[in-house]
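J.: Can you read through this structure? Questions will come right after.
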Amino acid sequence: MKIQKIHRDFSVCKVMDYSLVNLDTEYSFIGKTSTEKSLVCLTDDVPPNAVQRDDGWRAFCIQGALDFSLIGILAGIAGILADNAIPIFAVSTFDTDYILIKKENYPRALHILKNAGYEIASTD
């Protein structure tokens, strides 16, 4: 399985509403419940109406579109990282999964995944 590194800084936010979110940026993931409106976006794109934010995330995705019948892809990656005390923040899209890791853990996480047999590709 190939992991695609994304060389950008991400932030995880809680926003008042989505009126100031630029959905035309390269990456933006929104989630809404009855109690909150969340946003994951590039740090440079955090809207001014963010009421809370956590900066300092890096990301990678599983390269290629994943069929819905596949089982355990995210669980496998999460398990390997959990076994090495590396917390993650995961976002799934229709095609694939994105895994965000704090910057200070990112190089070690990629090294661990490479040693576990994952191929690491770069967007550069």
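Following the order of the structure tokens, chains are lettered A, B, ..., residues in each are numbered from 1, and ligands are numbered from 1.
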Counting only C-alpha atoms, what are the residues of stretch 24-69 of chain A within 12 Å of stretch 107-110 of chain A, and for each of them which pair of atoms is the nearest and at what distance in Å, to one decimal? Sort the table by chain and rising number, as JSON lines.

T.:
{"residue": "A:Trp57", "atom": "CA", "partner": "A:Pro107", "partner_atom": "CA", "distance": 11.9}
{"residue": "A:Arg58", "atom": "CA", "partner": "A:Pro107", "partner_atom": "CA", "distance": 9.7}
{"residue": "A:Ala59", "atom": "CA", "partner": "A:Leu110", "partner_atom": "CA", "distance": 10.3}
{"residue": "A:Phe60", "atom": "CA", "partner": "A:Leu110", "partner_atom": "CA", "distance": 9.1}
{"residue": "A:Cys61", "atom": "CA", "partner": "A:Leu110", "partner_atom": "CA", "distance": 11.6}

J.: Mind checking which residues fall within 12 Å of stretch 81-87 of chain A, counting only C-alpha atoms, ignoring those fewer than 4 positions away in the same chain, and posting them as a VMD selection string?

T.: chain A and resid 57 74 to 77 99 to 116

J.: Under the rule that only C-alpha atoms are counted, which of A:Ile6, A:Cys13, A:Ile88, A:Leu42 is the nearest residue to A:Ile62?

T.: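 Comparing A:Ile6, A:Cys13, A:Ile88, A:Leu42 against A:Ile62, the winner is A:Ile6.
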
J.: Using only C-alpha atoms, which residue out of A:Ala78, A:Met16, A:Val51, A:Ile120 lies closest to A:Met1?

T.: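 With only C-alpha atoms as the atom set, the closest residue is A:Ile120.
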
J.: List the spatial neighbours of A:Val46 as a list in words - criterion: any atom at most 12 Å away, only C-alpha atoms, same-chain residues fewer than 6 positions off excluded.

T.: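 The contact residues come out as Asp9, Phe10, Ser11, Val12, Cys13, Lys14, Val15, Tyr18, Leu20, Val21, Asn22, Leu23, Thr25, Tyr27, Ser28, Phe29, Ser38, Leu39, Val40, Gln52, Arg53, Asp54 and Asp55 of chain A.
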
J.: What separation in Å, quoted to one decimal, exists between atom CA of A:Tyr98 and atom CA of A:Lys32?

T.: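 Pair atom CA of A:Tyr98 / atom CA of A:Lys32 returns 18.0 Å.
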
J.: In chain A, what's alpha helix (DSSP H) per DSSP? Answer as a compact mmCIF listing (two decimals) with N, CA and C atoms, in the first residue's frame?

T.:
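Result file follows (selection.txt):
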# COMPACT_ATOMS: atom_id res chain seq x y z
N ILE A 73 -8.02 -0.90 6.34
CA ILE A 73 -6.92 -0.08 5.83
C ILE A 73 -6.53 0.97 6.87
N LEU A 74 -7.49 1.78 7.28
CA LEU A 74 -7.22 2.82 8.28
C LEU A 74 -6.86 2.20 9.63
N ALA A 75 -7.54 1.13 9.99
CA ALA A 75 -7.27 0.46 11.27
C ALA A 75 -5.83 -0.06 11.32
N GLY A 76 -5.33 -0.56 10.20
CA GLY A 76 -3.96 -1.06 10.17
C GLY A 76 -2.95 0.04 10.42
N ILE A 77 -3.13 1.15 9.75
CA ILE A 77 -2.21 2.29 9.94
C ILE A 77 -2.35 2.83 11.36
N ALA A 78 -3.58 3.03 11.79
CA ALA A 78 -3.81 3.57 13.14
C ALA A 78 -3.23 2.63 14.20
N GLY A 79 -3.37 1.34 14.00
CA GLY A 79 -2.84 0.37 14.97
C GLY A 79 -1.33 0.42 15.08
N ILE A 80 -0.67 0.48 13.93
CA ILE A 80 0.80 0.55 13.94
C ILE A 80 1.25 1.82 14.67
N LEU A 81 0.62 2.93 14.37
CA LEU A 81 1.01 4.19 15.01
C LEU A 81 0.65 4.19 16.49
N ALA A 82 -0.50 3.63 16.84
CA ALA A 82 -0.89 3.54 18.26
C ALA A 82 0.11 2.69 19.04
N ASP A 83 0.56 1.60 18.44
CA ASP A 83 1.55 0.74 19.10
C ASP A 83 2.85 1.48 19.37
N TYR A 106 5.64 13.41 12.92
CA TYR A 106 5.45 13.07 11.51
C TYR A 106 6.62 12.27 10.92
N PRO A 107 7.88 12.73 11.05
CA PRO A 107 8.98 11.95 10.45
C PRO A 107 9.08 10.54 11.05
N ARG A 108 8.91 10.44 12.34
CA ARG A 108 8.98 9.12 12.99
C ARG A 108 7.84 8.22 12.53
N ALA A 109 6.64 8.79 12.39
CA ALA A 109 5.50 8.01 11.93
C ALA A 109 5.74 7.44 10.54
N LEU A 110 6.25 8.27 9.65
CA LEU A 110 6.53 7.80 8.29
C LEU A 110 7.61 6.73 8.29
N HIS A 111 8.61 6.88 9.12
CA HIS A 111 9.68 5.89 9.24
C HIS A 111 9.11 4.55 9.73
N ILE A 112 8.27 4.61 10.73
CA ILE A 112 7.65 3.40 11.28
C ILE A 112 6.79 2.71 10.22
N LEU A 113 5.99 3.49 9.50
CA LEU A 113 5.14 2.91 8.47
C LEU A 113 5.96 2.30 7.33
N LYS A 114 7.04 2.96 6.97
CA LYS A 114 7.93 2.42 5.93
C LYS A 114 8.51 1.08 6.38
N ASN A 115 8.94 1.02 7.64
CA ASN A 115 9.49 -0.23 8.17
C ASN A 115 8.43 -1.32 8.28

J.: Taking the DSSP assignment computed from this structure's backbone, write out as a PyMOL selection string all residues of stretch 5-110 of chain A that belong to strand (DSSP E).

T.: chain A and resi 5-15+28-32+37-42+50-62+89-92+97-102

J.: Quick one: distance from atom CA of A:Asp17 to atom CA of A:Asn49 in Å, one decimal?

T.: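 A separation of 7.4 Å between them.
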